[in-house]
Amino acid sequence: MLLLQGMFVPAIKGQGTEEQQKKWLPMAYKFQIIGCYAQTELGHGSNVQGLETTATFDPSTDEFVMHSPTLTSSKWWPGGLGKASTHAVVYARLITEGKDYGIHGFIVQLRSLDDHSPLPGITLGDIGGKFGSGAYNSMDNGVLRFDHVRIPRDQMLMRLSQVTREGKYVHSDVPKQLLYGTMVYVRQTIVADASKALSRAVCIAVRYSAIRKQFGSQAGGPETQVLNYKTQQSRLFPLLASAYAYRFVGQWLKWLYTDVTQKLEAKDYSTLPEAHACTAGLKSVTTSATALC
Ligand SMILES: Cc1cc2nc3c(=O)[nH]c(=O)nc-3n(C[C@H](O)[C@H](O)[C@H](O)COP(=O)(O)OP(=O)(O)OC[C@H]3O[C@@H](n4cnc5c(N)ncnc54)[C@H](O)[C@@H]3O)c2cc1C
């Protein structure tokens, strides 16, 4: 559900036209469809411009043909793809009138809504166990390939640019920088989640340290709460302070996201670099510290 609410819905909100939002969002909110965010491929992750999946417009049928031309173009990693999702926002190279217009988002149905089996031309599955603490093994990160899968033209996310019925590529007057708002949104939710996870862990540790007693006074009095030992405090209190700090900074990032979105809509891009730097840096700092704790 996290990826549905955290990435599928924001991608449609940020990049879909009003009409597309009206059509898809109510179904997602009611969980009639489950969506994921399929961008990363085996061959390219950080370098999004290097993605290889193609979406070629066919004017004879008014459809896009989604295709994975190489092994390295297989979508790899998307959370919720392996088992749960019925739909995905898929990022692919848009090709129309023989020209490659680069990476664009498309809403693609992956599985049947009746029996959840993959639709024709679609091969997908779970990528399997992941290294690390195991925390991510509860997530069905998936792999996805397309073999000339046809989708209607109106499933290209068309807020920033469109392909007309005749196959002409046209830009809308909506600034393309709005695209980046989705990434800022996702990162600020990750900081907020890190603060929640750290708060829970610290709360458990502090409560336990308050009731756990070890060693008594020399006079044979009651044993001492371990919370009173300085070595215990030196471990717990910085984490307790961090939990508060992450919460406050998470709230500030939420405000920053709202502010940057309003400014982008007014074509003011002045705070976008700061929003990127703060959300990317704080995402890394807060999640690393929380995982180590
Ligand atoms: C748990 C998990 C969940 C994920 N969920 C999703 C999802 O829902 N949807 C989705 O589409 N993707 C998802 N991803 C994929 C994720 O977005 C990519 O892993 C990420 O973009 C990095 O790409 P990559 O793994 O190909 O690493 P690479 O791009 O191969 O990078 C490898 C290393 O090289 C470094 N590097 C790369 N380029 C540069 C450079 N120019 N300068 C300096 N260093 C560089 C990177 O920082 C990294 O340390 C998920 C990944 C994980 C681990």
# chains A, B, ... in the order shown; residues from 1 in each chain; ligands from 1
call {"tool": "residues_around", "arguments": {"residues": "Pro238 in chain A", "least_positions_apart": "4", "cutoff": "12 Å", "atoms": "only C-alpha atoms", "output": "tab-separated table (two decimals) with N, CA, C and O atoms, in the first residue's frame"}}
result
chain	number	residue	atom	x	y	z
A	198	LEU	N	12.17	5.58	14.37
A	198	LEU	CA	13.14	5.83	15.44
A	198	LEU	C	12.42	6.12	16.75
A	198	LEU	O	12.81	5.64	17.82
A	199	SER	N	11.32	6.89	16.69
A	199	SER	CA	10.56	7.22	17.91
A	199	SER	C	10.06	5.95	18.59
A	199	SER	O	10.14	5.80	19.81
A	202	VAL	N	13.08	4.02	20.16
A	202	VAL	CA	13.62	4.70	21.34
A	202	VAL	C	12.64	4.61	22.50
A	202	VAL	O	13.02	4.42	23.66
A	206	VAL	N	13.68	3.18	26.07
A	206	VAL	CA	13.63	4.03	27.28
A	206	VAL	C	12.70	3.41	28.32
A	206	VAL	O	13.03	3.32	29.51
A	231	THR	N	26.35	5.18	31.10
A	231	THR	CA	26.66	4.51	29.82
A	231	THR	C	25.36	4.23	29.05
A	231	THR	O	25.32	4.34	27.82
A	232	GLN	N	24.29	3.86	29.79
A	232	GLN	CA	22.98	3.62	29.14
A	232	GLN	C	22.43	4.94	28.58
A	232	GLN	O	21.93	5.00	27.46
A	233	GLN	N	22.57	6.00	29.39
A	233	GLN	CA	22.08	7.33	28.94
A	233	GLN	C	22.83	7.79	27.70
A	233	GLN	O	22.24	8.37	26.78
A	234	SER	N	24.16	7.53	27.69
A	234	SER	CA	24.94	8.03	26.55
A	234	SER	C	24.54	7.32	25.26
A	234	SER	O	24.71	7.84	24.17
A	242	SER	N	17.55	12.67	18.68
A	242	SER	CA	17.44	12.56	17.21
A	242	SER	C	16.00	12.31	16.79
A	242	SER	O	15.54	12.85	15.78
A	243	ALA	N	15.28	11.48	17.57
A	243	ALA	CA	13.88	11.18	17.22
A	243	ALA	C	13.06	12.48	17.18
A	243	ALA	O	12.25	12.68	16.27
A	244	TYR	N	13.28	13.36	18.18
A	244	TYR	CA	12.57	14.65	18.17
A	244	TYR	C	13.03	15.51	16.99
A	244	TYR	O	12.21	16.12	16.28
A	245	ALA	N	14.36	15.54	16.78
A	245	ALA	CA	14.91	16.38	15.70
A	245	ALA	C	14.35	15.93	14.35
A	245	ALA	O	13.96	16.76	13.52
A	246	TYR	N	14.29	14.60	14.12
A	246	TYR	CA	13.80	14.10	12.83
A	246	TYR	C	12.32	14.44	12.65
A	246	TYR	O	11.86	14.71	11.55
A	289	ALA	N	20.73	6.67	10.12
A	289	ALA	CA	20.81	6.67	11.59
A	289	ALA	C	19.74	5.76	12.18
A	289	ALA	O	19.99	5.02	13.14
A	290	THR	N	18.55	5.77	11.61
A	290	THR	CA	17.46	4.93	12.12
A	290	THR	C	17.77	3.45	11.91
A	290	THR	O	17.57	2.64	12.81
A	293	CYS	N	20.37	2.26	14.42
A	293	CYS	CA	19.87	2.16	15.80
A	293	CYS	C	19.19	0.79	15.97
A	293	CYS	O	19.35	0.10	16.91
call {"tool": "residues_around", "arguments": {"residues": "Leu282 in chain A", "least_positions_apart": "5", "cutoff": "10 Å", "atoms": "only C-alpha atoms", "output": "list in words"}}
result
Arg187, Gln188, Ile190, Val191, Tyr246, Val249, Gly250, Leu253, His276, Ala277, Thr287 and Ser288 of chain A
call {"tool": "closest_residue", "arguments": {"among": "A:Leu51, A:Ala88, A:Ile204, A:Ile103", "to": "Ser161 in chain A", "atoms": "only C-alpha atoms"}}
result
A:Ile103
call {"tool": "residues_near_ligand", "arguments": {"ligand": "ligand 1", "cutoff": "9 Å", "atoms": "only C-alpha atoms and all ligand atoms", "output": "PDB file with all heavy atoms, in the first residue's frame"}}
result
ATOM      1  N   LEU A   3       3.561   1.969  -1.574  1.00  0.00           N
ATOM      2  CA  LEU A   3       3.971   2.440  -2.897  1.00  0.00           C
ATOM      3  C   LEU A   3       2.789   2.979  -3.685  1.00  0.00           C
ATOM      4  O   LEU A   3       2.947   3.870  -4.509  1.00  0.00           O
ATOM      5  CB  LEU A   3       4.657   1.318  -3.683  1.00  0.00           C
ATOM      6  CG  LEU A   3       6.155   1.102  -3.439  1.00  0.00           C
ATOM      7  CD1 LEU A   3       6.927   2.365  -3.753  1.00  0.00           C
ATOM      8  CD2 LEU A   3       6.482   0.662  -2.041  1.00  0.00           C
ATOM      9  N   MET A   7       3.861   6.591  -4.236  1.00  0.00           N
ATOM     10  CA  MET A   7       4.483   6.868  -5.527  1.00  0.00           C
ATOM     11  C   MET A   7       3.494   6.851  -6.697  1.00  0.00           C
ATOM     12  O   MET A   7       3.540   7.717  -7.553  1.00  0.00           O
ATOM     13  CB  MET A   7       5.607   5.861  -5.776  1.00  0.00           C
ATOM     14  CG  MET A   7       6.700   6.013  -4.728  1.00  0.00           C
ATOM     15  SD  MET A   7       8.235   5.210  -5.151  1.00  0.00           S
ATOM     16  CE  MET A   7       9.026   6.428  -6.179  1.00  0.00           C
ATOM     17  N   CYS A  36       1.900   0.626  -8.740  1.00  0.00           N
ATOM     18  CA  CYS A  36       3.284   0.809  -8.303  1.00  0.00           C
ATOM     19  C   CYS A  36       3.982   1.772  -9.265  1.00  0.00           C
ATOM     20  O   CYS A  36       3.354   2.278 -10.202  1.00  0.00           O
ATOM     21  CB  CYS A  36       4.012  -0.534  -8.225  1.00  0.00           C
ATOM     22  SG  CYS A  36       4.205  -1.359  -9.809  1.00  0.00           S
ATOM     23  N   TYR A  37       5.256   2.012  -9.013  1.00  0.00           N
ATOM     24  CA  TYR A  37       6.023   3.010  -9.756  1.00  0.00           C
ATOM     25  C   TYR A  37       7.187   2.299 -10.422  1.00  0.00           C
ATOM     26  O   TYR A  37       8.141   1.902  -9.738  1.00  0.00           O
ATOM     27  CB  TYR A  37       6.516   4.044  -8.752  1.00  0.00           C
ATOM     28  CG  TYR A  37       7.277   5.216  -9.308  1.00  0.00           C
ATOM     29  CD1 TYR A  37       6.612   6.377  -9.691  1.00  0.00           C
ATOM     30  CD2 TYR A  37       8.662   5.187  -9.407  1.00  0.00           C
ATOM     31  CE1 TYR A  37       7.324   7.472 -10.172  1.00  0.00           C
ATOM     32  CE2 TYR A  37       9.374   6.275  -9.880  1.00  0.00           C
ATOM     33  CZ  TYR A  37       8.690   7.412 -10.254  1.00  0.00           C
ATOM     34  OH  TYR A  37       9.401   8.503 -10.722  1.00  0.00           O
ATOM     35  N   ALA A  38       7.068   2.052 -11.742  1.00  0.00           N
ATOM     36  CA  ALA A  38       8.058   1.220 -12.430  1.00  0.00           C
ATOM     37  C   ALA A  38       8.987   2.076 -13.284  1.00  0.00           C
ATOM     38  O   ALA A  38       8.728   2.306 -14.468  1.00  0.00           O
ATOM     39  CB  ALA A  38       7.352   0.167 -13.277  1.00  0.00           C
ATOM     40  N   GLN A  39      10.049   2.518 -12.681  1.00  0.00           N
ATOM     41  CA  GLN A  39      11.026   3.350 -13.386  1.00  0.00           C
ATOM     42  C   GLN A  39      12.335   2.579 -13.594  1.00  0.00           C
ATOM     43  O   GLN A  39      12.750   2.347 -14.723  1.00  0.00           O
ATOM     44  CB  GLN A  39      11.288   4.617 -12.573  1.00  0.00           C
ATOM     45  CG  GLN A  39      12.314   5.552 -13.190  1.00  0.00           C
ATOM     46  CD  GLN A  39      12.441   6.822 -12.385  1.00  0.00           C
ATOM     47  OE1 GLN A  39      11.507   7.614 -12.317  1.00  0.00           O
ATOM     48  NE2 GLN A  39      13.576   7.003 -11.744  1.00  0.00           N
ATOM     49  N   THR A  40      12.951   2.142 -12.489  1.00  0.00           N
ATOM     50  CA  THR A  40      14.292   1.537 -12.555  1.00  0.00           C
ATOM     51  C   THR A  40      14.317   0.275 -13.417  1.00  0.00           C
ATOM     52  O   THR A  40      13.397  -0.536 -13.373  1.00  0.00           O
ATOM     53  CB  THR A  40      14.758   1.190 -11.134  1.00  0.00           C
ATOM     54  OG1 THR A  40      14.656   2.362 -10.345  1.00  0.00           O
ATOM     55  CG2 THR A  40      16.180   0.676 -11.114  1.00  0.00           C
ATOM     56  N   GLU A  41      15.388   0.135 -14.202  1.00  0.00           N
ATOM     57  CA  GLU A  41      15.599  -1.080 -15.009  1.00  0.00           C
ATOM     58  C   GLU A  41      16.901  -1.757 -14.587  1.00  0.00           C
ATOM     59  O   GLU A  41      17.720  -1.141 -13.900  1.00  0.00           O
ATOM     60  CB  GLU A  41      15.656  -0.695 -16.499  1.00  0.00           C
ATOM     61  CG  GLU A  41      14.333  -0.093 -16.964  1.00  0.00           C
ATOM     62  CD  GLU A  41      14.365   0.406 -18.406  1.00  0.00           C
ATOM     63  OE1 GLU A  41      15.410   0.333 -19.069  1.00  0.00           O
ATOM     64  OE2 GLU A  41      13.291   0.876 -18.857  1.00  0.00           O
ATOM     65  N   LEU A  42      17.092  -2.996 -15.047  1.00  0.00           N
ATOM     66  CA  LEU A  42      18.335  -3.718 -14.725  1.00  0.00           C
ATOM     67  C   LEU A  42      19.551  -2.893 -15.151  1.00  0.00           C
ATOM     68  O   LEU A  42      20.533  -2.821 -14.432  1.00  0.00           O
ATOM     69  CB  LEU A  42      18.363  -5.048 -15.477  1.00  0.00           C
ATOM     70  CG  LEU A  42      17.941  -6.299 -14.738  1.00  0.00           C
ATOM     71  CD1 LEU A  42      18.113  -7.506 -15.663  1.00  0.00           C
ATOM     72  CD2 LEU A  42      18.761  -6.501 -13.480  1.00  0.00           C
ATOM     73  N   GLY A  43      19.477  -2.295 -16.322  1.00  0.00           N
ATOM     74  CA  GLY A  43      20.638  -1.583 -16.873  1.00  0.00           C
ATOM     75  C   GLY A  43      20.821  -0.183 -16.324  1.00  0.00           C
ATOM     76  O   GLY A  43      21.930   0.344 -16.325  1.00  0.00           O
ATOM     77  N   HIS A  44      19.737   0.469 -15.897  1.00  0.00           N
ATOM     78  CA  HIS A  44      19.847   1.869 -15.472  1.00  0.00           C
ATOM     79  C   HIS A  44      18.959   2.171 -14.281  1.00  0.00           C
ATOM     80  O   HIS A  44      17.767   1.854 -14.296  1.00  0.00           O
ATOM     81  CB  HIS A  44      19.496   2.829 -16.616  1.00  0.00           C
ATOM     82  CG  HIS A  44      20.495   2.772 -17.730  1.00  0.00           C
ATOM     83  ND1 HIS A  44      20.351   1.910 -18.787  1.00  0.00           N
ATOM     84  CD2 HIS A  44      21.667   3.428 -17.911  1.00  0.00           C
ATOM     85  CE1 HIS A  44      21.391   2.050 -19.589  1.00  0.00           C
ATOM     86  NE2 HIS A  44      22.205   2.959 -19.090  1.00  0.00           N
ATOM     87  N   GLY A  45      19.578   2.824 -13.260  1.00  0.00           N
ATOM     88  CA  GLY A  45      18.824   3.256 -12.096  1.00  0.00           C
ATOM     89  C   GLY A  45      18.998   4.749 -11.907  1.00  0.00           C
ATOM     90  O   GLY A  45      18.108   5.542 -12.226  1.00  0.00           O
ATOM     91  N   SER A  46      20.197   5.161 -11.461  1.00  0.00           N
ATOM     92  CA  SER A  46      20.453   6.597 -11.254  1.00  0.00           C
ATOM     93  C   SER A  46      20.303   7.365 -12.565  1.00  0.00           C
ATOM     94  O   SER A  46      19.738   8.461 -12.591  1.00  0.00           O
ATOM     95  CB  SER A  46      21.877   6.817 -10.735  1.00  0.00           C
ATOM     96  OG  SER A  46      22.153   5.977  -9.660  1.00  0.00           O
ATOM     97  N   ASN A  47      20.808   6.786 -13.652  1.00  0.00           N
ATOM     98  CA  ASN A  47      20.779   7.479 -14.943  1.00  0.00           C
ATOM     99  C   ASN A  47      19.447   7.216 -15.653  1.00  0.00           C
ATOM    100  O   ASN A  47      19.344   6.361 -16.541  1.00  0.00           O
ATOM    101  CB  ASN A  47      21.953   7.002 -15.797  1.00  0.00           C
ATOM    102  CG  ASN A  47      21.975   7.667 -17.165  1.00  0.00           C
ATOM    103  OD1 ASN A  47      21.234   8.631 -17.405  1.00  0.00           O
ATOM    104  ND2 ASN A  47      22.790   7.152 -18.060  1.00  0.00           N
ATOM    105  N   VAL A  48      18.439   7.994 -15.253  1.00  0.00           N
ATOM    106  CA  VAL A  48      17.079   7.765 -15.776  1.00  0.00           C
ATOM    107  C   VAL A  48      17.030   7.971 -17.295  1.00  0.00           C
ATOM    108  O   VAL A  48      16.293   7.291 -18.002  1.00  0.00           O
ATOM    109  CB  VAL A  48      16.074   8.683 -15.029  1.00  0.00           C
ATOM    110  CG1 VAL A  48      14.672   8.532 -15.597  1.00  0.00           C
ATOM    111  CG2 VAL A  48      16.072   8.354 -13.546  1.00  0.00           C
ATOM    112  N   LYS A  75      12.270  -3.959 -16.167  1.00  0.00           N
ATOM    113  CA  LYS A  75      12.057  -3.161 -14.944  1.00  0.00           C
ATOM    114  C   LYS A  75      12.494  -4.028 -13.767  1.00  0.00           C
ATOM    115  O   LYS A  75      12.152  -5.223 -13.710  1.00  0.00           O
ATOM    116  CB  LYS A  75      10.584  -2.763 -14.808  1.00  0.00           C
ATOM    117  CG  LYS A  75      10.107  -1.832 -15.913  1.00  0.00           C
ATOM    118  CD  LYS A  75      10.743  -0.465 -15.794  1.00  0.00           C
ATOM    119  CE  LYS A  75      10.405   0.442 -16.957  1.00  0.00           C
ATOM    120  NZ  LYS A  75      11.190   1.680 -16.953  1.00  0.00           N
ATOM    121  N   TRP A  76      13.220  -3.454 -12.838  1.00  0.00           N
ATOM    122  CA  TRP A  76      13.827  -4.240 -11.757  1.00  0.00           C
ATOM    123  C   TRP A  76      13.829  -3.418 -10.485  1.00  0.00           C
ATOM    124  O   TRP A  76      14.360  -2.321 -10.503  1.00  0.00           O
ATOM    125  CB  TRP A  76      15.275  -4.617 -12.151  1.00  0.00           C
ATOM    126  CG  TRP A  76      15.913  -5.593 -11.209  1.00  0.00           C
ATOM    127  CD1 TRP A  76      16.703  -5.284 -10.138  1.00  0.00           C
ATOM    128  CD2 TRP A  76      15.836  -7.026 -11.234  1.00  0.00           C
ATOM    129  NE1 TRP A  76      17.113  -6.422  -9.503  1.00  0.00           N
ATOM    130  CE2 TRP A  76      16.603  -7.520 -10.169  1.00  0.00           C
ATOM    131  CE3 TRP A  76      15.196  -7.941 -12.075  1.00  0.00           C
ATOM    132  CZ2 TRP A  76      16.741  -8.873  -9.893  1.00  0.00           C
ATOM    133  CZ3 TRP A  76      15.343  -9.295 -11.796  1.00  0.00           C
ATOM    134  CH2 TRP A  76      16.113  -9.746 -10.722  1.00  0.00           C
ATOM    135  N   TRP A  77      13.198  -3.861  -9.461  1.00  0.00           N
ATOM    136  CA  TRP A  77      13.144  -3.227  -8.136  1.00  0.00           C
ATOM    137  C   TRP A  77      11.761  -2.704  -7.734  1.00  0.00           C
ATOM    138  O   TRP A  77      11.482  -2.656  -6.532  1.00  0.00           O
ATOM    139  CB  TRP A  77      14.125  -2.032  -7.987  1.00  0.00           C
ATOM    140  CG  TRP A  77      15.455  -2.404  -7.431  1.00  0.00           C
ATOM    141  CD1 TRP A  77      16.670  -2.174  -8.009  1.00  0.00           C
ATOM    142  CD2 TRP A  77      15.753  -3.046  -6.169  1.00  0.00           C
ATOM    143  NE1 TRP A  77      17.681  -2.656  -7.215  1.00  0.00           N
ATOM    144  CE2 TRP A  77      17.150  -3.189  -6.082  1.00  0.00           C
ATOM    145  CE3 TRP A  77      14.973  -3.528  -5.110  1.00  0.00           C
ATOM    146  CZ2 TRP A  77      17.783  -3.778  -4.996  1.00  0.00           C
ATOM    147  CZ3 TRP A  77      15.608  -4.122  -4.033  1.00  0.00           C
ATOM    148  CH2 TRP A  77      17.002  -4.228  -3.981  1.00  0.00           C
ATOM    149  N   PRO A  78      10.896  -2.231  -8.657  1.00  0.00           N
ATOM    150  CA  PRO A  78       9.698  -1.545  -8.175  1.00  0.00           C
ATOM    151  C   PRO A  78       8.979  -2.291  -7.045  1.00  0.00           C
ATOM    152  O   PRO A  78       8.670  -3.478  -7.163  1.00  0.00           O
ATOM    153  CB  PRO A  78       8.821  -1.436  -9.429  1.00  0.00           C
ATOM    154  CG  PRO A  78       9.826  -1.318 -10.522  1.00  0.00           C
ATOM    155  CD  PRO A  78      10.948  -2.240 -10.136  1.00  0.00           C
ATOM    156  N   GLY A  79       8.742  -1.575  -5.958  1.00  0.00           N
ATOM    157  CA  GLY A  79       8.052  -2.143  -4.804  1.00  0.00           C
ATOM    158  C   GLY A  79       6.567  -2.327  -5.111  1.00  0.00           C
ATOM    159  O   GLY A  79       5.942  -1.472  -5.746  1.00  0.00           O
ATOM    160  N   GLY A  80       6.004  -3.461  -4.687  1.00  0.00           N
ATOM    161  CA  GLY A  80       4.580  -3.724  -4.924  1.00  0.00           C
ATOM    162  C   GLY A  80       4.323  -4.371  -6.272  1.00  0.00           C
ATOM    163  O   GLY A  80       3.203  -4.806  -6.557  1.00  0.00           O
ATOM    164  N   LEU A  81       5.366  -4.460  -7.124  1.00  0.00           N
ATOM    165  CA  LEU A  81       5.190  -5.019  -8.467  1.00  0.00           C
ATOM    166  C   LEU A  81       5.144  -6.549  -8.450  1.00  0.00           C
ATOM    167  O   LEU A  81       4.376  -7.176  -9.182  1.00  0.00           O
ATOM    168  CB  LEU A  81       6.348  -4.540  -9.367  1.00  0.00           C
ATOM    169  CG  LEU A  81       6.518  -5.215 -10.727  1.00  0.00           C
ATOM    170  CD1 LEU A  81       5.323  -4.910 -11.628  1.00  0.00           C
ATOM    171  CD2 LEU A  81       7.805  -4.729 -11.407  1.00  0.00           C
ATOM    172  N   VAL A  90       4.555   3.423 -15.635  1.00  0.00           N
ATOM    173  CA  VAL A  90       5.774   2.896 -16.256  1.00  0.00           C
ATOM    174  C   VAL A  90       6.484   4.035 -16.978  1.00  0.00           C
ATOM    175  O   VAL A  90       5.856   4.790 -17.729  1.00  0.00           O
ATOM    176  CB  VAL A  90       5.418   1.775 -17.269  1.00  0.00           C
ATOM    177  CG1 VAL A  90       6.658   1.310 -18.025  1.00  0.00           C
ATOM    178  CG2 VAL A  90       4.758   0.603 -16.563  1.00  0.00           C
ATOM    179  N   TYR A  91       7.798   4.150 -16.749  1.00  0.00           N
ATOM    180  CA  TYR A  91       8.574   5.182 -17.446  1.00  0.00           C
ATOM    181  C   TYR A  91       9.266   4.546 -18.656  1.00  0.00           C
ATOM    182  O   TYR A  91       9.908   3.506 -18.531  1.00  0.00           O
ATOM    183  CB  TYR A  91       9.571   5.848 -16.488  1.00  0.00           C
ATOM    184  CG  TYR A  91       8.788   6.719 -15.539  1.00  0.00           C
ATOM    185  CD1 TYR A  91       8.240   6.178 -14.380  1.00  0.00           C
ATOM    186  CD2 TYR A  91       8.502   8.032 -15.859  1.00  0.00           C
ATOM    187  CE1 TYR A  91       7.443   6.949 -13.546  1.00  0.00           C
ATOM    188  CE2 TYR A  91       7.708   8.812 -15.032  1.00  0.00           C
ATOM    189  CZ  TYR A  91       7.180   8.263 -13.885  1.00  0.00           C
ATOM    190  OH  TYR A  91       6.378   9.025 -13.080  1.00  0.00           O
ATOM    191  N   LYS A 130      16.249 -10.259  -0.504  1.00  0.00           N
ATOM    192  CA  LYS A 130      17.191  -9.142  -0.594  1.00  0.00           C
ATOM    193  C   LYS A 130      18.238  -9.247   0.512  1.00  0.00           C
ATOM    194  O   LYS A 130      17.930  -9.754   1.593  1.00  0.00           O
ATOM    195  CB  LYS A 130      16.447  -7.796  -0.469  1.00  0.00           C
ATOM    196  CG  LYS A 130      15.920  -7.283  -1.754  1.00  0.00           C
ATOM    197  CD  LYS A 130      14.447  -7.235  -2.025  1.00  0.00           C
ATOM    198  CE  LYS A 130      13.411  -7.484  -1.053  1.00  0.00           C
ATOM    199  NZ  LYS A 130      12.061  -7.545  -1.580  1.00  0.00           N
ATOM    200  N   TYR A 136      13.513  -5.287   4.282  1.00  0.00           N
ATOM    201  CA  TYR A 136      12.863  -5.069   2.996  1.00  0.00           C
ATOM    202  C   TYR A 136      12.305  -6.343   2.389  1.00  0.00           C
ATOM    203  O   TYR A 136      11.712  -6.321   1.324  1.00  0.00           O
ATOM    204  CB  TYR A 136      13.811  -4.340   2.032  1.00  0.00           C
ATOM    205  CG  TYR A 136      13.252  -2.992   1.718  1.00  0.00           C
ATOM    206  CD1 TYR A 136      13.555  -1.892   2.507  1.00  0.00           C
ATOM    207  CD2 TYR A 136      12.340  -2.824   0.681  1.00  0.00           C
ATOM    208  CE1 TYR A 136      12.978  -0.668   2.265  1.00  0.00           C
ATOM    209  CE2 TYR A 136      11.761  -1.598   0.432  1.00  0.00           C
ATOM    210  CZ  TYR A 136      12.085  -0.532   1.220  1.00  0.00           C
ATOM    211  OH  TYR A 136      11.500   0.677   0.981  1.00  0.00           O
ATOM    212  N   ASN A 137      12.517  -7.468   3.079  1.00  0.00           N
ATOM    213  CA  ASN A 137      11.999  -8.713   2.511  1.00  0.00           C
ATOM    214  C   ASN A 137      10.488  -8.840   2.656  1.00  0.00           C
ATOM    215  O   ASN A 137       9.885  -9.749   2.087  1.00  0.00           O
ATOM    216  CB  ASN A 137      12.738  -9.916   3.102  1.00  0.00           C
ATOM    217  CG  ASN A 137      14.080 -10.069   2.409  1.00  0.00           C
ATOM    218  OD1 ASN A 137      14.191  -9.843   1.204  1.00  0.00           O
ATOM    219  ND2 ASN A 137      15.097 -10.408   3.161  1.00  0.00           N
ATOM    220  N   MET A 139       8.671  -6.610   1.404  1.00  0.00           N
ATOM    221  CA  MET A 139       8.188  -5.867   0.220  1.00  0.00           C
ATOM    222  C   MET A 139       8.391  -6.719  -1.029  1.00  0.00           C
ATOM    223  O   MET A 139       9.446  -7.312  -1.213  1.00  0.00           O
ATOM    224  CB  MET A 139       8.979  -4.556   0.116  1.00  0.00           C
ATOM    225  CG  MET A 139       8.702  -3.737  -1.122  1.00  0.00           C
ATOM    226  SD  MET A 139       7.003  -3.176  -1.276  1.00  0.00           S
ATOM    227  CE  MET A 139       6.951  -1.881  -0.039  1.00  0.00           C
ATOM    228  N   ASN A 141       9.303  -6.485  -4.138  1.00  0.00           N
ATOM    229  CA  ASN A 141       9.980  -5.797  -5.248  1.00  0.00           C
ATOM    230  C   ASN A 141       9.961  -6.724  -6.466  1.00  0.00           C
ATOM    231  O   ASN A 141      10.165  -7.923  -6.325  1.00  0.00           O
ATOM    232  CB  ASN A 141      11.423  -5.454  -4.858  1.00  0.00           C
ATOM    233  CG  ASN A 141      11.474  -4.486  -3.690  1.00  0.00           C
ATOM    234  OD1 ASN A 141      11.507  -4.917  -2.542  1.00  0.00           O
ATOM    235  ND2 ASN A 141      11.424  -3.210  -3.964  1.00  0.00           N
ATOM    236  N   GLY A 142       9.714  -6.129  -7.647  1.00  0.00           N
ATOM    237  CA  GLY A 142       9.441  -6.996  -8.787  1.00  0.00           C
ATOM    238  C   GLY A 142      10.253  -6.722 -10.034  1.00  0.00           C
ATOM    239  O   GLY A 142      11.015  -5.753 -10.129  1.00  0.00           O
TER     240      GLY A 142
END
call {"tool": "residues_around", "arguments": {"residues": "Lys83 in chain A", "least_positions_apart": "2", "cutoff": "12 Å", "atoms": "only C-alpha atoms", "output": "PyMOL selection string"}}
result
chain A and resi 1+34-36+78-81+85-87+110-111+116-118+124-128+138-144
call {"tool": "closest_residue", "arguments": {"among": "A:Thr182, A:Thr53, A:Ser68, A:Ser195", "to": "Gly16 in chain A", "atoms": "only C-alpha atoms"}}
result
A:Thr182
call {"tool": "select_by_dssp", "arguments": {"residues": "range 81-205 of chain A", "states": "strand (DSSP E or B)", "output": "PyMOL selection string"}}
result
chain A and resi 87-96+99-109+111+118+122-126+142-146+149-152+156+161-163+169-171
call {"tool": "closest_residue", "arguments": {"among": "A:Glu52, A:Asp259, A:Asp114, A:Glu223", "to": "Ala92 in chain A", "atoms": "only C-alpha atoms"}}
result
A:Glu52
call {"tool": "closest_residue", "arguments": {"among": "A:Thr70, A:Ser217, A:Gln155, A:Gln251", "to": "Phe57 in chain A", "atoms": "only C-alpha atoms"}}
result
A:Gln155
call {"tool": "residues_around", "arguments": {"residues": "Glu97 in chain A", "least_positions_apart": "6", "cutoff": "10 Å", "atoms": "only C-alpha atoms", "output": "PyMOL selection string"}}
result
chain A and resi 56-59+166-169
call {"tool": "write_last_selection", "arguments": {"atoms": "N, CA and C atoms", "output": "PDB file, in the first residue's frame"}}
result
ATOM      1  N   THR A  56       5.983   3.239 -28.231  1.00  0.00           N
ATOM      2  CA  THR A  56       5.951   3.749 -29.611  1.00  0.00           C
ATOM      3  C   THR A  56       4.504   3.993 -30.021  1.00  0.00           C
ATOM      4  N   PHE A  57       4.204   5.208 -30.478  1.00  0.00           N
ATOM      5  CA  PHE A  57       2.818   5.539 -30.834  1.00  0.00           C
ATOM      6  C   PHE A  57       2.466   4.946 -32.195  1.00  0.00           C
ATOM      7  N   ASP A  58       1.294   4.274 -32.220  1.00  0.00           N
ATOM      8  CA  ASP A  58       0.792   3.692 -33.472  1.00  0.00           C
ATOM      9  C   ASP A  58      -0.476   4.457 -33.858  1.00  0.00           C
ATOM     10  N   PRO A  59      -0.371   5.411 -34.827  1.00  0.00           N
ATOM     11  CA  PRO A  59      -1.545   6.237 -35.161  1.00  0.00           C
ATOM     12  C   PRO A  59      -2.677   5.421 -35.789  1.00  0.00           C
ATOM     13  N   GLU A 166      -3.031  12.502 -34.173  1.00  0.00           N
ATOM     14  CA  GLU A 166      -2.249  12.297 -35.413  1.00  0.00           C
ATOM     15  C   GLU A 166      -0.812  11.880 -35.106  1.00  0.00           C
ATOM     16  N   GLY A 167      -0.414  11.928 -33.821  1.00  0.00           N
ATOM     17  CA  GLY A 167       0.939  11.508 -33.466  1.00  0.00           C
ATOM     18  C   GLY A 167       1.925  12.654 -33.287  1.00  0.00           C
ATOM     19  N   LYS A 168       1.411  13.900 -33.281  1.00  0.00           N
ATOM     20  CA  LYS A 168       2.295  15.061 -33.067  1.00  0.00           C
ATOM     21  C   LYS A 168       2.626  15.175 -31.573  1.00  0.00           C
ATOM     22  N   TYR A 169       3.901  15.468 -31.273  1.00  0.00           N
ATOM     23  CA  TYR A 169       4.321  15.664 -29.885  1.00  0.00           C
ATOM     24  C   TYR A 169       4.227  17.147 -29.568  1.00  0.00           C
TER      25      TYR A 169
END
